[in-house]
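Structure record follows, encoded as structure tokens.
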Amino acid sequence: MDRIERVRDLRERVGAWRSAGERVALVPTMGNLHAGHLRLVREARARAERVVATVFVNPLQFGPGEDLDAYPRTLAEDQRQLAGEGCDLLFAPRTSEVYPRGQEIQTRVEVPGLSDILCGATRPGHFAGVATVVCKLLNMAQPDVALFGEKDFQQLLVIRRLVEDLDMPVEIVGVATVREADGLAMSSRNGYLDAGERLRAPALYQALRQAGESLRQGESIERVERAATEAILESGLRPDYLSVRVASDLSPAHSGDADLVILGAAYLGRARLIDNLRLTLDSG
Ligand code: PAF
């Protein structure tokens, strides 16, 4: 599997495949790959003849004081893992290739509303950074399909919305979260946890599951959110938000809504953990 850095080389390789009638899948990542990313590659291979992965730590989606400098960069190991999964090409551009005029005057893609709630409320500008780089990566590679993890559920909806709103001819596929044996959602940022924190980290997912169970039993949304937030706090995590939302657009859920997602974020040591649980209730 080759690794390339230039957009023109990416275009040339993908263009040749598409001219030969091959479908191309794109798996955008920020590297430091884990089993969740490798599942994206496997799902991509099931949907297309050719798979391109990208590794780019996108500075535009990190706020001031966030972990841009500390974010783990493990390109050689990422390349080895991608090759092992049968990925065809790795695009790992430099920042100057993605933002040649600099980040300040880079044209931005905004997805209003969806970007301002939940994680967007805590991390202003984050989803504009994600939407901008994803839009650019899709335009650079011009794949038939692109795959993203459902762990970042809000990000997935932002990307679906931008692709729809900008009439981009690409299919967006969400792929189920991969979890550690104790339920913790896999994330490149789990490496920030020390041994004691790692033992406490599954509390977020446990709280989501308990919340789902309570909703199934007919408990009110407000009480469920309050109890789950308290459970997270008691486990030694600092909750950012815990919220029951309508899965299609992340609007606040009301009694009678059936297709739900419970989303949570919490701080633990140097890490900010996020996770979610989909839930379908009887609407009757
Ligand atoms: O989910 C990620 O790893 C990133 O937000 C993405 C989609 C690769 C954009 O930088």
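FYI, nothing fancy with the structure tokens labels: chains A, B, ... in order, residues from 1 per chain, ligands from 1 as they appear.
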
Would you mind writing down, as a ChimeraX atom specification, each residue of segment 40-175 of chain A that DSSP on the backbone assigns to alpha helix (DSSP H)?
/A:40-47,75-84,95-98,119-122,126-141,153-165

Quick one: everything within 7 Å of segment 138-152 of chain A, counting only C-alpha atoms, minus sequence neighbours fewer than 5 positions away in the same chain. Send it as a ChimeraX atom specification.
/A:7,10-11,14,23-27,40,44,170-177,275-276

Please dump the current selection as a PDB file, in the first residue's frame; keep N, CA and C atoms.
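Saved as out.pdb:
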ATOM      1  N   VAL A   7      -2.345  16.192  -3.227  1.00  0.00           N
ATOM      2  CA  VAL A   7      -3.709  16.078  -3.749  1.00  0.00           C
ATOM      3  C   VAL A   7      -3.679  15.615  -5.209  1.00  0.00           C
ATOM      4  N   LEU A  10      -3.320  11.958  -5.383  1.00  0.00           N
ATOM      5  CA  LEU A  10      -4.568  11.304  -4.944  1.00  0.00           C
ATOM      6  C   LEU A  10      -5.583  11.295  -6.085  1.00  0.00           C
ATOM      7  N   ARG A  11      -5.736  12.447  -6.728  1.00  0.00           N
ATOM      8  CA  ARG A  11      -6.673  12.582  -7.852  1.00  0.00           C
ATOM      9  C   ARG A  11      -6.337  11.612  -8.984  1.00  0.00           C
ATOM     10  N   VAL A  14      -7.113   7.906  -7.822  1.00  0.00           N
ATOM     11  CA  VAL A  14      -8.559   7.646  -7.730  1.00  0.00           C
ATOM     12  C   VAL A  14      -9.192   7.749  -9.118  1.00  0.00           C
ATOM     13  N   ARG A  23     -15.396   1.146  -7.930  1.00  0.00           N
ATOM     14  CA  ARG A  23     -15.944   2.035  -6.894  1.00  0.00           C
ATOM     15  C   ARG A  23     -14.863   2.326  -5.863  1.00  0.00           C
ATOM     16  N   VAL A  24     -14.879   3.558  -5.349  1.00  0.00           N
ATOM     17  CA  VAL A  24     -13.838   3.975  -4.407  1.00  0.00           C
ATOM     18  C   VAL A  24     -14.484   4.413  -3.085  1.00  0.00           C
ATOM     19  N   ALA A  25     -13.960   3.897  -1.979  1.00  0.00           N
ATOM     20  CA  ALA A  25     -14.441   4.279  -0.640  1.00  0.00           C
ATOM     21  C   ALA A  25     -13.357   5.088   0.071  1.00  0.00           C
ATOM     22  N   LEU A  26     -13.798   6.078   0.844  1.00  0.00           N
ATOM     23  CA  LEU A  26     -12.861   6.916   1.602  1.00  0.00           C
ATOM     24  C   LEU A  26     -13.097   6.729   3.102  1.00  0.00           C
ATOM     25  N   VAL A  27     -12.000   6.563   3.843  1.00  0.00           N
ATOM     26  CA  VAL A  27     -12.073   6.454   5.307  1.00  0.00           C
ATOM     27  C   VAL A  27     -11.212   7.570   5.896  1.00  0.00           C
ATOM     28  N   LEU A  40     -13.941   0.421  10.075  1.00  0.00           N
ATOM     29  CA  LEU A  40     -14.336   1.309   8.968  1.00  0.00           C
ATOM     30  C   LEU A  40     -13.716   0.817   7.655  1.00  0.00           C
ATOM     31  N   ALA A  44     -15.596  -0.539   4.442  1.00  0.00           N
ATOM     32  CA  ALA A  44     -15.324   0.134   3.166  1.00  0.00           C
ATOM     33  C   ALA A  44     -15.023  -0.895   2.080  1.00  0.00           C
ATOM     34  N   VAL A 170     -21.906  11.829  -2.971  1.00  0.00           N
ATOM     35  CA  VAL A 170     -21.195  10.780  -2.228  1.00  0.00           C
ATOM     36  C   VAL A 170     -22.159  10.192  -1.198  1.00  0.00           C
ATOM     37  N   GLU A 171     -22.043   8.881  -0.997  1.00  0.00           N
ATOM     38  CA  GLU A 171     -22.876   8.214   0.010  1.00  0.00           C
ATOM     39  C   GLU A 171     -22.121   8.225   1.345  1.00  0.00           C
ATOM     40  N   ILE A 172     -22.808   8.637   2.410  1.00  0.00           N
ATOM     41  CA  ILE A 172     -22.177   8.649   3.737  1.00  0.00           C
ATOM     42  C   ILE A 172     -22.700   7.462   4.539  1.00  0.00           C
ATOM     43  N   VAL A 173     -21.771   6.656   5.044  1.00  0.00           N
ATOM     44  CA  VAL A 173     -22.153   5.447   5.793  1.00  0.00           C
ATOM     45  C   VAL A 173     -21.639   5.564   7.229  1.00  0.00           C
ATOM     46  N   GLY A 174     -22.520   5.331   8.191  1.00  0.00           N
ATOM     47  CA  GLY A 174     -22.131   5.299   9.606  1.00  0.00           C
ATOM     48  C   GLY A 174     -21.836   3.859  10.013  1.00  0.00           C
ATOM     49  N   VAL A 175     -20.779   3.678  10.794  1.00  0.00           N
ATOM     50  CA  VAL A 175     -20.355   2.327  11.192  1.00  0.00           C
ATOM     51  C   VAL A 175     -20.382   2.221  12.724  1.00  0.00           C
ATOM     52  N   ALA A 176     -20.907   1.081  13.185  1.00  0.00           N
ATOM     53  CA  ALA A 176     -21.132   0.883  14.631  1.00  0.00           C
ATOM     54  C   ALA A 176     -19.845   1.047  15.445  1.00  0.00           C
ATOM     55  N   THR A 177     -20.011   1.568  16.654  1.00  0.00           N
ATOM     56  CA  THR A 177     -18.903   1.790  17.582  1.00  0.00           C
ATOM     57  C   THR A 177     -18.272   0.453  17.985  1.00  0.00           C
ATOM     58  N   ASP A 275     -19.779   9.420  24.055  1.00  0.00           N
ATOM     59  CA  ASP A 275     -20.377   8.132  23.688  1.00  0.00           C
ATOM     60  C   ASP A 275     -21.863   8.357  23.449  1.00  0.00           C
ATOM     61  N   ASN A 276     -22.526   7.367  22.916  1.00  0.00           N
ATOM     62  CA  ASN A 276     -23.972   7.496  22.679  1.00  0.00           C
ATOM     63  C   ASN A 276     -24.596   6.125  22.574  1.00  0.00           C
TER      64      ASN A 276
END

Could the residues that lie within 9 Å of ligand 1, counting only C-alpha atoms and all ligand atoms, be listed as a PyMOL selection string?
chain A and resi 27-31+37+54-61+126-127+129-134+137+148-149+151-152+155-156+159+188

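Atom pair atom CA of Ile221 of chain A / atom CA of Leu114 of chain A has a distance of 20.7 Å (rounded to one decimal).
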
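Look at Arg3 of chain A: the protein and nucleic acid residues within 10 Å of it, using only C-alpha atoms and passing over chain neighbours fewer than 6 places away, are Leu10, Val52, Ala53, Thr54, Gln79, Asp88, Leu89, Leu90, Phe91, Ala92 and Pro93 of chain A.
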
Residues as selected, N, CA and C atoms, written as a CSV table (one decimal), in the first residue's frame, can you do that?
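Saved the output as result_3.csv:
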chain,number,residue,atom,x,y,z
A,10,LEU,N,-3.3,12.0,-5.4
A,10,LEU,CA,-4.6,11.3,-4.9
A,10,LEU,C,-5.6,11.3,-6.1
A,52,VAL,N,-9.4,4.1,0.1
A,52,VAL,CA,-8.4,5.1,0.4
A,52,VAL,C,-8.7,5.5,1.9
A,53,ALA,N,-7.6,5.5,2.7
A,53,ALA,CA,-7.7,6.0,4.1
A,53,ALA,C,-6.9,7.3,4.1
A,54,THR,N,-7.4,8.3,4.9
A,54,THR,CA,-6.6,9.5,5.1
A,54,THR,C,-6.2,9.6,6.6
A,79,GLN,N,0.1,3.1,9.0
A,79,GLN,CA,0.3,2.6,7.7
A,79,GLN,C,0.4,1.1,7.7
A,88,ASP,N,-6.0,0.2,0.1
A,88,ASP,CA,-5.3,0.4,-1.2
A,88,ASP,C,-4.3,1.6,-1.2
A,89,LEU,N,-4.7,2.6,-0.5
A,89,LEU,CA,-3.9,3.8,-0.5
A,89,LEU,C,-4.0,4.6,0.7
A,90,LEU,N,-2.9,5.2,1.2
A,90,LEU,CA,-3.0,6.1,2.4
A,90,LEU,C,-2.6,7.5,1.9
A,91,PHE,N,-3.5,8.4,2.2
A,91,PHE,CA,-3.3,9.9,1.9
A,91,PHE,C,-3.0,10.6,3.2
A,92,ALA,N,-1.8,11.0,3.4
A,92,ALA,CA,-1.4,11.7,4.6
A,92,ALA,C,-0.8,13.0,4.3
A,93,PRO,N,-1.6,14.0,4.0
A,93,PRO,CA,-1.1,15.3,3.6
A,93,PRO,C,-0.5,16.1,4.7

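If only C-alpha atoms are the atoms counted, then among A:Arg50, A:Arg42, A:His34, A:Lys136 the closest residue to Leu162 of chain A is A:Lys136.
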
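Candidate residues A:Val51, A:Ile105, A:Leu268, A:Ala247 were compared for distance to Arg198 of chain A, and the nearest is A:Leu268, using only C-alpha atoms.
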
Shell around Ala271 of chain A at 8 Å using only C-alpha atoms, local window under 3 positions removed, as a ChimeraX atom specification
/A:189-190,192-193,267-268

Can I get the selection written as a PDB file, in the first residue's frame, with N, CA and C atoms?
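File again_33.pdb, as written:
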ATOM      1  N   ARG A 189      -8.195   9.023  21.973  1.00  0.00           N
ATOM      2  CA  ARG A 189      -7.901   9.801  23.182  1.00  0.00           C
ATOM      3  C   ARG A 189      -7.942   8.948  24.456  1.00  0.00           C
ATOM      4  N   ASN A 190      -8.336   7.663  24.364  1.00  0.00           N
ATOM      5  CA  ASN A 190      -8.322   6.821  25.573  1.00  0.00           C
ATOM      6  C   ASN A 190      -6.900   6.667  26.107  1.00  0.00           C
ATOM      7  N   TYR A 192      -4.955   8.870  26.806  1.00  0.00           N
ATOM      8  CA  TYR A 192      -4.674   9.922  27.799  1.00  0.00           C
ATOM      9  C   TYR A 192      -4.978   9.449  29.226  1.00  0.00           C
ATOM     10  N   LEU A 193      -5.746   8.347  29.344  1.00  0.00           N
ATOM     11  CA  LEU A 193      -6.195   7.905  30.677  1.00  0.00           C
ATOM     12  C   LEU A 193      -5.076   7.161  31.409  1.00  0.00           C
ATOM     13  N   TYR A 267     -15.605  14.566  31.324  1.00  0.00           N
ATOM     14  CA  TYR A 267     -14.157  14.736  31.468  1.00  0.00           C
ATOM     15  C   TYR A 267     -13.627  13.726  32.471  1.00  0.00           C
ATOM     16  N   LEU A 268     -12.454  13.189  32.152  1.00  0.00           N
ATOM     17  CA  LEU A 268     -11.786  12.268  33.073  1.00  0.00           C
ATOM     18  C   LEU A 268     -10.287  12.479  32.893  1.00  0.00           C
TER      19      LEU A 268
END

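In terms of minimum interatomic distance to Asp2 of chain A, A:Leu82 ranks closest within A:Leu208, A:Ile117, A:Ala231, A:Leu82, counting only C-alpha atoms.
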
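Nearest to Ala201 of chain A of all the residues A:Met168, A:Val224, A:Ile274, A:Leu250 is A:Ile274, based on only C-alpha atoms.
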
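Comparing the minimum interatomic distances between Arg6 of chain A and each of A:Arg94, A:Arg39, A:Arg47, A:Arg209, counting only C-alpha atoms, we find that A:Arg94 sits nearest.
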
Hey, what's within 10 Å of Leu166 of chain A if we count only C-alpha atoms and toss same-chain stuff fewer than 3 positions away? As number ranges by chain, please?
A: 109, 135, 161-163, 169

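Using only C-alpha atoms, the nearest neighbour of Ser214 of chain A within the list A:Leu279, A:Leu184, A:Ala70, A:Val178 is A:Leu279.
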